[in-house]
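With PDB, C-alpha atoms inside, this is final_11.pdb:
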ATOM      1  CA  MET A   1       0.000   0.000   0.000
ATOM      2  CA  THR A   2       1.126   3.517  -0.823
ATOM      3  CA  LEU A   3      -0.142   6.566   1.039
ATOM      4  CA  ILE A   4      -0.802   9.882  -0.697
ATOM      5  CA  TYR A   5      -0.644  13.013   1.436
ATOM      6  CA  THR A   6      -2.157  16.172   0.007
ATOM      7  CA  HIS A   7      -4.377  19.110   0.974
ATOM      8  CA  ASP A   8      -6.313  21.851  -0.764
ATOM      9  CA  ALA A   9      -3.823  24.318   0.729
ATOM     10  CA  ALA A  10      -1.571  23.367  -2.189
ATOM     11  CA  LEU A  11      -4.037  25.322  -4.340
ATOM     12  CA  SER A  12      -3.792  28.377  -2.093
ATOM     13  CA  HIS A  13      -0.125  29.048  -2.782
ATOM     14  CA  VAL A  14      -0.754  31.354  -5.732
ATOM     15  CA  THR A  15       2.112  32.677  -7.821
ATOM     16  CA  PRO A  16       2.080  35.593 -10.294
ATOM     17  CA  PRO A  17       0.554  35.022 -13.751
ATOM     18  CA  GLY A  18       2.922  33.163 -16.058
ATOM     19  CA  HIS A  19       4.992  31.686 -13.239
ATOM     20  CA  PRO A  20       5.902  28.031 -13.956
ATOM     21  CA  GLU A  21       5.413  26.839 -10.344
ATOM     22  CA  ARG A  22       1.673  27.336 -10.371
ATOM     23  CA  VAL A  23      -1.561  25.979  -8.968
ATOM     24  CA  ALA A  24      -2.221  24.112 -12.214
ATOM     25  CA  ARG A  25       0.585  21.683 -11.374
ATOM     26  CA  ILE A  26      -1.443  20.133  -8.564
ATOM     27  CA  GLU A  27      -4.623  20.364 -10.628
ATOM     28  CA  ALA A  28      -2.899  18.270 -13.308
ATOM     29  CA  LEU A  29      -1.161  15.788 -11.025
ATOM     30  CA  LEU A  30      -3.914  14.766  -8.614
ATOM     31  CA  PRO A  31      -6.423  13.533 -11.236
ATOM     32  CA  ALA A  32      -3.694  11.360 -12.758
ATOM     33  CA  LEU A  33      -2.976   9.809  -9.361
ATOM     34  CA  LYS A  34      -6.672   9.280  -8.629
ATOM     35  CA  LYS A  35      -6.866   6.989 -11.646
ATOM     36  CA  LEU A  36      -4.506   4.556  -9.901
ATOM     37  CA  ASP A  37      -5.788   1.766  -7.702
ATOM     38  CA  GLY A  38      -4.272   0.697  -4.401
ATOM     39  CA  LEU A  39      -3.571   4.145  -2.968
ATOM     40  CA  THR A  40      -4.742   5.428   0.395
ATOM     41  CA  TRP A  41      -5.360   9.158   0.498
ATOM     42  CA  ARG A  42      -4.704  11.200   3.632
ATOM     43  CA  GLU A  43      -4.865  14.877   4.462
ATOM     44  CA  ALA A  44      -1.497  16.559   4.911
ATOM     45  CA  PRO A  45      -1.574  18.148   8.384
ATOM     46  CA  VAL A  46       0.002  21.451   9.315
ATOM     47  CA  GLY A  47       3.628  20.785  10.192
ATOM     48  CA  HIS A  48       5.141  21.765  13.499
ATOM     49  CA  ARG A  49       7.343  24.824  13.566
ATOM     50  CA  ASP A  50       9.814  22.862  15.719
ATOM     51  CA  ASP A  51      10.281  20.445  12.832
ATOM     52  CA  VAL A  52      11.147  23.277  10.464
ATOM     53  CA  LEU A  53      13.655  24.448  13.079
ATOM     54  CA  ARG A  54      15.476  21.128  12.729
ATOM     55  CA  CYS A  55      16.937  22.638   9.537
ATOM     56  CA  HIS A  56      16.239  26.378   9.489
ATOM     57  CA  PRO A  57      17.045  28.909  12.242
ATOM     58  CA  ASP A  58      14.247  30.702  14.049
ATOM     59  CA  ASN A  59      15.093  34.089  12.555
ATOM     60  CA  TYR A  60      14.723  32.696   9.045
ATOM     61  CA  VAL A  61      11.372  31.061   9.804
ATOM     62  CA  ALA A  62      10.170  34.309  11.382
ATOM     63  CA  ARG A  63      11.274  36.199   8.275
ATOM     64  CA  ILE A  64       9.239  33.876   6.042
ATOM     65  CA  GLU A  65       6.233  34.192   8.340
ATOM     66  CA  ALA A  66       6.492  37.984   8.267
ATOM     67  CA  SER A  67       6.804  38.048   4.466
ATOM     68  CA  ILE A  68       3.339  36.616   3.819
ATOM     69  CA  PRO A  69       1.132  39.387   2.403
ATOM     70  CA  ALA A  70      -2.479  39.994   3.333
ATOM     71  CA  GLN A  71      -3.331  40.100  -0.362
ATOM     72  CA  SER A  72      -1.704  39.782  -3.782
ATOM     73  CA  PHE A  73       1.985  38.726  -3.853
ATOM     74  CA  ALA A  74       5.286  39.420  -2.161
ATOM     75  CA  SER A  75       8.594  38.571  -3.835
ATOM     76  CA  LEU A  76      11.404  36.958  -1.848
ATOM     77  CA  ASP A  77      13.663  37.003  -4.905
ATOM     78  CA  ALA A  78      13.173  37.266  -8.651
ATOM     79  CA  ASP A  79      11.775  33.706  -8.853
ATOM     80  CA  THR A  80      10.268  33.034  -5.430
ATOM     81  CA  HIS A  81       6.949  34.589  -4.509
ATOM     82  CA  VAL A  82       4.441  34.219  -1.692
ATOM     83  CA  SER A  83       0.743  34.971  -1.413
ATOM     84  CA  PRO A  84      -1.692  34.830   1.523
ATOM     85  CA  GLY A  85      -1.972  31.017   1.412
ATOM     86  CA  SER A  86       1.719  30.243   0.923
ATOM     87  CA  LEU A  87       2.716  29.664   4.543
ATOM     88  CA  ASP A  88      -0.120  27.184   5.143
ATOM     89  CA  ALA A  89       0.801  25.324   1.968
ATOM     90  CA  ALA A  90       4.495  25.149   2.861
ATOM     91  CA  MET A  91       3.747  24.047   6.419
ATOM     92  CA  ARG A  92       1.411  21.342   5.158
ATOM     93  CA  ALA A  93       4.183  20.092   2.875
ATOM     94  CA  VAL A  94       6.304  19.762   6.030
ATOM     95  CA  GLY A  95       3.409  18.172   7.903
ATOM     96  CA  GLY A  96       2.805  15.814   5.011
ATOM     97  CA  ILE A  97       6.338  14.457   5.039
ATOM     98  CA  THR A  98       6.503  14.070   8.828
ATOM     99  CA  ALA A  99       3.101  12.347   8.880
ATOM    100  CA  ALA A 100       4.222  10.094   6.037
ATOM    101  CA  ILE A 101       7.367   9.167   7.958
ATOM    102  CA  ASP A 102       5.317   8.440  11.077
ATOM    103  CA  ALA A 103       3.020   6.124   9.131
ATOM    104  CA  VAL A 104       5.756   4.289   7.236
ATOM    105  CA  VAL A 105       7.982   3.835  10.287
ATOM    106  CA  ALA A 106       4.933   2.508  12.172
ATOM    107  CA  GLY A 107       4.413  -0.082   9.434
ATOM    108  CA  GLU A 108       1.110   1.279   8.138
ATOM    109  CA  ALA A 109       2.513   1.299   4.598
ATOM    110  CA  LYS A 110       5.803   0.751   2.830
ATOM    111  CA  SER A 111       5.743   3.986   0.865
ATOM    112  CA  ALA A 112       4.151   7.415   0.695
ATOM    113  CA  PHE A 113       4.046  10.338  -1.702
ATOM    114  CA  VAL A 114       3.541  13.922  -0.550
ATOM    115  CA  ALA A 115       1.689  15.784  -3.314
ATOM    116  CA  MET A 116       2.101  19.319  -2.047
ATOM    117  CA  ARG A 117       3.620  22.571  -3.180
ATOM    118  CA  PRO A 118       5.666  24.785  -2.935
ATOM    119  CA  PRO A 119       8.624  22.471  -3.514
ATOM    120  CA  GLY A 120      11.549  22.519  -1.092
ATOM    121  CA  HIS A 121      14.907  21.329  -2.371
ATOM    122  CA  HIS A 122      16.319  24.778  -3.234
ATOM    123  CA  ALA A 123      15.626  26.342   0.179
ATOM    124  CA  GLU A 124      18.965  26.830   1.910
ATOM    125  CA  THR A 125      19.507  27.308   5.636
ATOM    126  CA  GLU A 126      18.649  31.008   5.595
ATOM    127  CA  THR A 127      17.676  31.620   1.969
ATOM    128  CA  ALA A 128      14.399  31.058   0.140
ATOM    129  CA  MET A 129      15.062  30.534  -3.551
ATOM    130  CA  GLY A 130      14.086  28.545  -6.612
ATOM    131  CA  PHE A 131      10.369  28.622  -5.732
ATOM    132  CA  CYS A 132      11.139  27.012  -2.334
ATOM    133  CA  LEU A 133      10.555  28.211   1.240
ATOM    134  CA  PHE A 134      11.437  25.275   3.530
ATOM    135  CA  GLY A 135      13.660  22.264   2.827
ATOM    136  CA  THR A 136      10.939  19.631   3.024
ATOM    137  CA  ALA A 137      13.044  16.572   2.193
ATOM    138  CA  ALA A 138      15.885  17.579   4.526
ATOM    139  CA  ILE A 139      13.422  18.353   7.308
ATOM    140  CA  GLY A 140      11.967  14.882   6.808
ATOM    141  CA  ALA A 141      15.406  13.304   7.061
ATOM    142  CA  LYS A 142      16.221  15.147  10.280
ATOM    143  CA  TYR A 143      12.797  14.255  11.686
ATOM    144  CA  ALA A 144      13.311  10.561  10.946
ATOM    145  CA  LEU A 145      16.741  10.643  12.575
ATOM    146  CA  ASP A 146      15.933  12.712  15.654
ATOM    147  CA  HIS A 147      12.286  11.909  16.341
ATOM    148  CA  HIS A 148      12.265   8.252  15.339
ATOM    149  CA  GLY A 149      15.834   7.458  16.277
ATOM    150  CA  LEU A 150      16.941   6.123  12.908
ATOM    151  CA  SER A 151      20.666   5.946  12.256
ATOM    152  CA  ARG A 152      20.943   6.436   8.484
ATOM    153  CA  VAL A 153      18.624   8.175   6.027
ATOM    154  CA  ALA A 154      19.293   8.584   2.311
ATOM    155  CA  VAL A 155      17.825  11.525   0.369
ATOM    156  CA  LEU A 156      17.813  10.902  -3.379
ATOM    157  CA  ASP A 157      17.013  13.712  -5.802
ATOM    158  CA  PHE A 158      16.283  13.208  -9.503
ATOM    159  CA  ASP A 159      14.889  16.678 -10.178
ATOM    160  CA  VAL A 160      16.568  18.252 -13.189
ATOM    161  CA  HIS A 161      17.897  21.064 -10.984
ATOM    162  CA  HIS A 162      20.485  20.430  -8.296
ATOM    163  CA  GLY A 163      19.019  20.276  -4.806
ATOM    164  CA  ASN A 164      21.332  22.938  -3.433
ATOM    165  CA  GLY A 165      19.083  23.553  -0.452
ATOM    166  CA  THR A 166      18.979  19.916   0.624
ATOM    167  CA  GLN A 167      22.749  19.746   0.181
ATOM    168  CA  ASP A 168      23.232  22.858   2.308
ATOM    169  CA  LEU A 169      20.899  21.640   5.052
ATOM    170  CA  LEU A 170      22.478  18.168   5.235
ATOM    171  CA  TRP A 171      26.098  19.090   4.422
ATOM    172  CA  SER A 172      27.349  18.389   7.956
ATOM    173  CA  GLU A 173      24.841  15.654   8.848
ATOM    174  CA  GLU A 174      26.878  12.452   8.743
ATOM    175  CA  ARG A 175      23.795  10.303   9.383
ATOM    176  CA  THR A 176      22.503  11.193   5.928
ATOM    177  CA  LEU A 177      23.566  10.504   2.360
ATOM    178  CA  PHE A 178      22.375  13.047  -0.194
ATOM    179  CA  CYS A 179      22.613  11.986  -3.838
ATOM    180  CA  SER A 180      21.554  14.100  -6.787
ATOM    181  CA  SER A 181      21.512  13.700 -10.541
ATOM    182  CA  HIS A 182      20.838  16.961 -12.362
ATOM    183  CA  GLN A 183      21.542  18.842 -15.557
ATOM    184  CA  MET A 184      24.713  20.905 -15.570
ATOM    185  CA  PRO A 185      25.096  23.700 -16.492
ATOM    186  CA  LEU A 186      21.725  24.852 -15.184
ATOM    187  CA  TYR A 187      20.184  26.767 -12.298
ATOM    188  CA  PRO A 188      21.240  27.064  -9.483
ATOM    189  CA  GLY A 189      24.829  26.504 -10.636
ATOM    190  CA  THR A 190      25.816  24.141  -7.830
ATOM    191  CA  GLY A 191      26.143  20.366  -7.768
ATOM    192  CA  GLY A 192      29.619  19.685  -9.098
ATOM    193  CA  ALA A 193      31.082  16.261  -8.465
ATOM    194  CA  HIS A 194      33.663  17.904  -6.179
ATOM    195  CA  GLU A 195      30.936  18.893  -3.706
ATOM    196  CA  THR A 196      31.021  15.908  -1.364
ATOM    197  CA  GLY A 197      29.805  17.107   2.034
ATOM    198  CA  ALA A 198      31.590  17.503   5.340
ATOM    199  CA  HIS A 199      31.719  13.733   5.838
ATOM    200  CA  GLY A 200      31.738  12.447   2.278
ATOM    201  CA  ASN A 201      27.948  12.259   2.622
ATOM    202  CA  VAL A 202      27.070  14.118  -0.590
ATOM    203  CA  LEU A 203      27.212  12.574  -4.064
ATOM    204  CA  ASN A 204      26.521  14.746  -7.097
ATOM    205  CA  VAL A 205      26.283  13.287 -10.588
ATOM    206  CA  PRO A 206      25.921  16.097 -13.148
ATOM    207  CA  LEU A 207      24.317  15.220 -16.484
ATOM    208  CA  ALA A 208      25.055  17.052 -19.715
ATOM    209  CA  PRO A 209      22.211  18.785 -21.557
ATOM    210  CA  MET A 210      20.223  16.400 -23.780
ATOM    211  CA  THR A 211      21.045  13.372 -21.613
ATOM    212  CA  GLY A 212      18.419  10.718 -22.165
ATOM    213  CA  GLY A 213      17.243   7.650 -20.328
ATOM    214  CA  ARG A 214      20.079   5.352 -21.289
ATOM    215  CA  ASP A 215      22.789   7.552 -19.826
ATOM    216  CA  MET A 216      20.614   8.418 -16.820
ATOM    217  CA  ARG A 217      20.197   4.735 -16.041
ATOM    218  CA  ARG A 218      23.940   4.260 -16.295
ATOM    219  CA  ALA A 219      24.569   7.141 -13.876
ATOM    220  CA  TRP A 220      22.112   5.807 -11.340
ATOM    221  CA  GLY A 221      22.912   2.134 -11.842
ATOM    222  CA  ASP A 222      26.701   2.466 -11.830
ATOM    223  CA  VAL A 223      27.296   5.385  -9.456
ATOM    224  CA  ILE A 224      24.396   6.490  -7.281
ATOM    225  CA  LEU A 225      22.655   3.259  -6.363
ATOM    226  CA  PRO A 226      25.882   1.425  -5.407
ATOM    227  CA  ALA A 227      26.691   4.322  -3.069
ATOM    228  CA  VAL A 228      23.239   4.065  -1.519
ATOM    229  CA  ASP A 229      23.683   0.308  -1.188
ATOM    230  CA  ASP A 230      26.988   0.836   0.635
ATOM    231  CA  PHE A 231      25.361   3.411   2.940
ATOM    232  CA  ALA A 232      22.601   0.915   3.851
ATOM    233  CA  PRO A 233      19.893   3.457   4.749
ATOM    234  CA  GLU A 234      17.104   2.648   7.163
ATOM    235  CA  LEU A 235      14.775   4.987   5.252
ATOM    236  CA  VAL A 236      14.893   6.508   1.784
ATOM    237  CA  ILE A 237      13.439   9.933   0.971
ATOM    238  CA  ILE A 238      13.006  10.911  -2.679
ATOM    239  CA  SER A 239      12.961  14.484  -3.950
ATOM    240  CA  ALA A 240      10.723  13.704  -6.902
ATOM    241  CA  GLY A 241      11.032  16.376  -9.561
ATOM    242  CA  PHE A 242       9.722  15.564 -13.024
ATOM    243  CA  ASP A 243      11.373  18.397 -14.925
ATOM    244  CA  ALA A 244      14.016  16.137 -16.458
ATOM    245  CA  HIS A 245      11.246  15.124 -18.875
ATOM    246  CA  ALA A 246      11.952  15.887 -22.523
ATOM    247  CA  ASP A 247       8.884  18.146 -22.718
ATOM    248  CA  ASP A 248       9.723  20.299 -19.697
ATOM    249  CA  PRO A 249      10.208  23.972 -20.601
ATOM    250  CA  LEU A 250      12.801  24.833 -17.928
ATOM    251  CA  ALA A 251      15.588  22.389 -18.814
ATOM    252  CA  ASN A 252      17.110  20.209 -21.508
ATOM    253  CA  LEU A 253      17.199  16.565 -20.446
ATOM    254  CA  ASN A 254      15.391  13.926 -22.476
ATOM    255  CA  TRP A 255      13.781  11.570 -19.985
ATOM    256  CA  VAL A 256      10.376  10.007 -20.639
ATOM    257  CA  GLU A 257       7.770   8.557 -18.289
ATOM    258  CA  ASP A 258       9.361   5.107 -18.268
ATOM    259  CA  ASP A 259      12.657   6.586 -17.058
ATOM    260  CA  PHE A 260      10.942   7.926 -13.938
ATOM    261  CA  ARG A 261       9.348   4.520 -13.436
ATOM    262  CA  TRP A 262      12.731   2.810 -13.808
ATOM    263  CA  VAL A 263      14.596   5.054 -11.366
ATOM    264  CA  THR A 264      11.784   4.708  -8.827
ATOM    265  CA  GLU A 265      11.822   0.920  -9.115
ATOM    266  CA  ALA A 266      15.606   0.868  -8.761
ATOM    267  CA  ILE A 267      15.452   3.043  -5.633
ATOM    268  CA  CYS A 268      12.744   0.810  -4.178
ATOM    269  CA  GLU A 269      14.892  -2.266  -4.758
ATOM    270  CA  VAL A 270      17.753  -0.768  -2.752
ATOM    271  CA  ALA A 271      15.288   0.281  -0.054
ATOM    272  CA  ALA A 272      14.006  -3.283   0.093
ATOM    273  CA  SER A 273      17.534  -4.509   0.812
ATOM    274  CA  HIS A 274      18.271  -2.173   3.725
ATOM    275  CA  ALA A 275      15.229  -0.151   4.777
ATOM    276  CA  ASP A 276      12.511  -2.819   4.821
ATOM    277  CA  GLY A 277      11.266  -1.153   1.645
ATOM    278  CA  ARG A 278      10.481   2.136   3.391
ATOM    279  CA  VAL A 279      10.381   4.999   0.865
ATOM    280  CA  ILE A 280       8.947   8.497   1.275
ATOM    281  CA  SER A 281       8.668  10.737  -1.789
ATOM    282  CA  THR A 282       7.906  14.453  -1.949
ATOM    283  CA  LEU A 283       7.022  16.510  -5.007
ATOM    284  CA  GLU A 284       9.623  18.930  -6.323
ATOM    285  CA  GLY A 285       9.634  20.293  -9.892
ATOM    286  CA  GLY A 286       7.911  19.452 -13.151
ATOM    287  CA  TYR A 287       6.461  22.265 -15.244
ATOM    288  CA  ASP A 288       4.945  20.741 -18.362
ATOM    289  CA  LEU A 289       1.524  19.765 -17.039
ATOM    290  CA  ASP A 290       1.004  16.661 -19.179
ATOM    291  CA  ALA A 291       4.522  15.402 -18.545
ATOM    292  CA  LEU A 292       4.155  16.053 -14.821
ATOM    293  CA  ALA A 293       0.882  14.136 -14.651
ATOM    294  CA  ALA A 294       2.126  11.150 -16.634
ATOM    295  CA  SER A 295       5.540  10.971 -14.983
ATOM    296  CA  GLY A 296       4.140  11.510 -11.499
ATOM    297  CA  ALA A 297       1.659   8.702 -12.074
ATOM    298  CA  ALA A 298       4.435   6.395 -13.291
ATOM    299  CA  HIS A 299       6.469   7.246 -10.180
ATOM    300  CA  VAL A 300       3.618   6.572  -7.764
ATOM    301  CA  GLU A 301       2.657   3.408  -9.633
ATOM    302  CA  ALA A 302       6.205   2.120  -9.144
ATOM    303  CA  LEU A 303       6.049   2.979  -5.439
ATOM    304  CA  ARG A 304       2.764   1.105  -5.144
ATOM    305  CA  GLU A 305       4.046  -1.963  -6.949
ATOM    306  CA  HIS A 306       6.956  -2.252  -4.541
ATOM    307  CA  GLY A 307       4.750  -1.636  -1.485
TER
END
How does the structure come out when it is put into structure tokens?
Amino acid sequence: MTLIYTHDAALSHVTPPGHPERVARIEALLPALKKLDGLTWREAPVGHRDDVLRCHPDNYVARIEASIPAQSFASLDADTHVSPGSLDAAMRAVGGITAAIDAVVAGEAKSAFVAMRPPGHHAETETAMGFCLFGTAAIGAKYALDHHGLSRVAVLDFDVHHGNGTQDLLWSEERTLFCSSHQMPLYPGTGGAHETGAHGNVLNVPLAPMTGGRDMRRAWGDVILPAVDDFAPELVIISAGFDAHADDPLANLNWVEDDFRWVTEAICEVAASHADGRVISTLEGGYDLDALAASGAAHVEALREHG
């Protein structure tokens, strides 16, 4: 069984007209997931501020809280905007991942997918950027380690953009392994192979523009997944961005739906070896609506089949 955590608050984080990270992403994704059998749907609760503070300092959280406008939009940088419903949406993304971890660790399901927005993997310790406010995946990893007492958590990111925020938040956390494949060169300009973390706990595998499924599978199969296998995580968290799809307007990789299915299945197989199959996934990017819906459905279907 696979759990789906979502909430209508994801529709309340409204961005300016023409912005790629828009309400329509959730409106496209959820109907595609609802066509799948074998999923259990749950409401994403409001996350606890103390859980956000596992990764972000209080002054940063207070700054985000104070930035929320009473109406219209406020801009945190040229790409990252907030509206009256943004804080609730971001906190429910945090609450979704912590609730998913609670359920999976308790044995209620083997896997869960958090279908919320805004995404999180670009949010650095004290910097909102790249459409992201709080580092949802990193917060989930710290929650699993500190609240549930796990010893090793892997965070795996196949979004087309490097998860600079997750890397920053987990750089010195030796109980985690952060692995990312991503197009390079591309925003945000980080993610070189030389960036390895304070404890050798970061693995970046840059992919050249136009990389397709065959070379992606080689990168994951020959480099990333063996490293995860060696790390032997007790839980795997996926930053699931679908903007490496060939149709995505913000990047230049050439993945198709079956590539997202393959990488998800491969991650689940490693999780089955070390983590009792426990996998939590959280939505990151994906900006072509049809590609997002189809790829997201393939991803969740693979989670379900391994559950």
Within 8 Å of Leu207 in chain A, counting all atoms listed in the file, which residues qualify if same-chain residues fewer than 4 places away don't, as a ChimeraX atom specification? /A:181-184,211,216
Could you work out an axis-aligned bounding box for all listed atoms of range 179-196 of chain A, with 4 Å added on each of the six sides, and give its centre and edge lengths in Å to one decimal, as JSON?
{"center_x": 26.9, "center_y": 19.5, "center_z": -8.9, "size_x": 21.5, "size_y": 23.1, "size_z": 23.1}
In file coordinates, which residues lie within 8 Å of (11.1, 11.3, -1.4) using only C-alpha atoms, given as an mmCIF file with C-alpha atoms, keeping the file's coordinate frame?
data_model
loop_
_atom_site.group_PDB
_atom_site.id
_atom_site.type_symbol
_atom_site.label_atom_id
_atom_site.label_comp_id
_atom_site.auth_asym_id
_atom_site.auth_seq_id
_atom_site.Cartn_x
_atom_site.Cartn_y
_atom_site.Cartn_z
ATOM 1 C CA PHE A 113 4.046 10.338 -1.702
ATOM 2 C CA ALA A 137 13.044 16.572 2.193
ATOM 3 C CA VAL A 155 17.825 11.525 0.369
ATOM 4 C CA LEU A 156 17.813 10.902 -3.379
ATOM 5 C CA ASP A 157 17.013 13.712 -5.802
ATOM 6 C CA VAL A 236 14.893 6.508 1.784
ATOM 7 C CA ILE A 237 13.439 9.933 0.971
ATOM 8 C CA ILE A 238 13.006 10.911 -2.679
ATOM 9 C CA SER A 239 12.961 14.484 -3.950
ATOM 10 C CA ALA A 240 10.723 13.704 -6.902
ATOM 11 C CA VAL A 279 10.381 4.999 0.865
ATOM 12 C CA ILE A 280 8.947 8.497 1.275
ATOM 13 C CA SER A 281 8.668 10.737 -1.789
ATOM 14 C CA THR A 282 7.906 14.453 -1.949
ATOM 15 C CA LEU A 283 7.022 16.510 -5.007
#
Using all atoms listed in the file, determine which residues lie at most 12 Å from Trp171 in chain A, disregarding the query and same-chain residues fewer than 6 positions distant; provide the list as a ChimeraX atom specification. /A:55,124-125,138,155,163-165,177-179,195-203
Please build the interface table for range 90-154 of chain A against range 75-80 of chain A with a cut-off of 9 Å, listing for each qualifying residue the nearest atom pair and the distance in Å to one decimal; count all atoms listed in the file, order rows by chain and increasing number, and write it as a Markdown table.
| residue | atom | partner | partner_atom | distance |
| --- | --- | --- | --- | --- |
| A:Ala128 | CA | A:Leu76 | CA | 6.9 |
| A:Met129 | CA | A:Thr80 | CA | 5.7 |
| A:Gly130 | CA | A:Thr80 | CA | 6.0 |
| A:Phe131 | CA | A:Thr80 | CA | 4.4 |
| A:Cys132 | CA | A:Thr80 | CA | 6.8 |
| A:Leu133 | CA | A:Thr80 | CA | 8.2 |
Rounded to one decimal in Å, what is the spacing between CA of Asp168 in chain A and CA of Ala251 in chain A? 22.5 Å
Residue nearest Asp159 in chain A - candidates A:Gly221, A:Pro45, A:Gly286, A:Gly18, atoms counted: only C-alpha atoms: A:Gly286
Could you tell me how far CA of Ala115 in chain A sits from CA of Pro69 in chain A, in Å to one decimal place? 24.3 Å
Rounded to one decimal, what separation in Å do you get between CA of Ser151 in chain A and CA of Val263 in chain A? 24.4 Å
Would you translate the PyMOL selection byres ((chain A and resi 99) around 12) into the concrete set of residues it matches in this file, as a PyMOL selection string? chain A and resi 3-6+42-48+51+91-98+100-106+108-109+111-114+140+143-144+147-148+280
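In this comparison, which uses all atoms listed in the file, the residue of A:Leu29, A:Leu150, A:Leu87, A:Met210 approaching Ala298 in chain A most closely is A:Leu29.
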Neighbours of Arg214 in chain A within 9 Å (only C-alpha atoms; same-chain residues fewer than 3 positions away dropped), as a PyMOL selection string? chain A and resi 211+217-219+255+259
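When all atoms listed in the file are used to measure the gap to Ser67 in chain A, the shortest distance among A:Asp247, A:Arg54, A:His13, A:Pro84 belongs to A:Pro84.
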With distances taken over only C-alpha atoms, the candidate from A:Trp41, A:Phe158, A:Tyr187, A:Trp262 nearest Asp243 in chain A is A:Phe158
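Proximity to Glu265 in chain A was assessed for A:Ala227, A:Val160, A:Ala302, A:Leu289 counting only C-alpha atoms; the smallest distance is recorded for A:Ala302.
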For His162 in chain A, which residue out of A:Leu53, A:Ala74, A:Glu284, A:Val228 is the nearest one, using only C-alpha atoms? A:Glu284
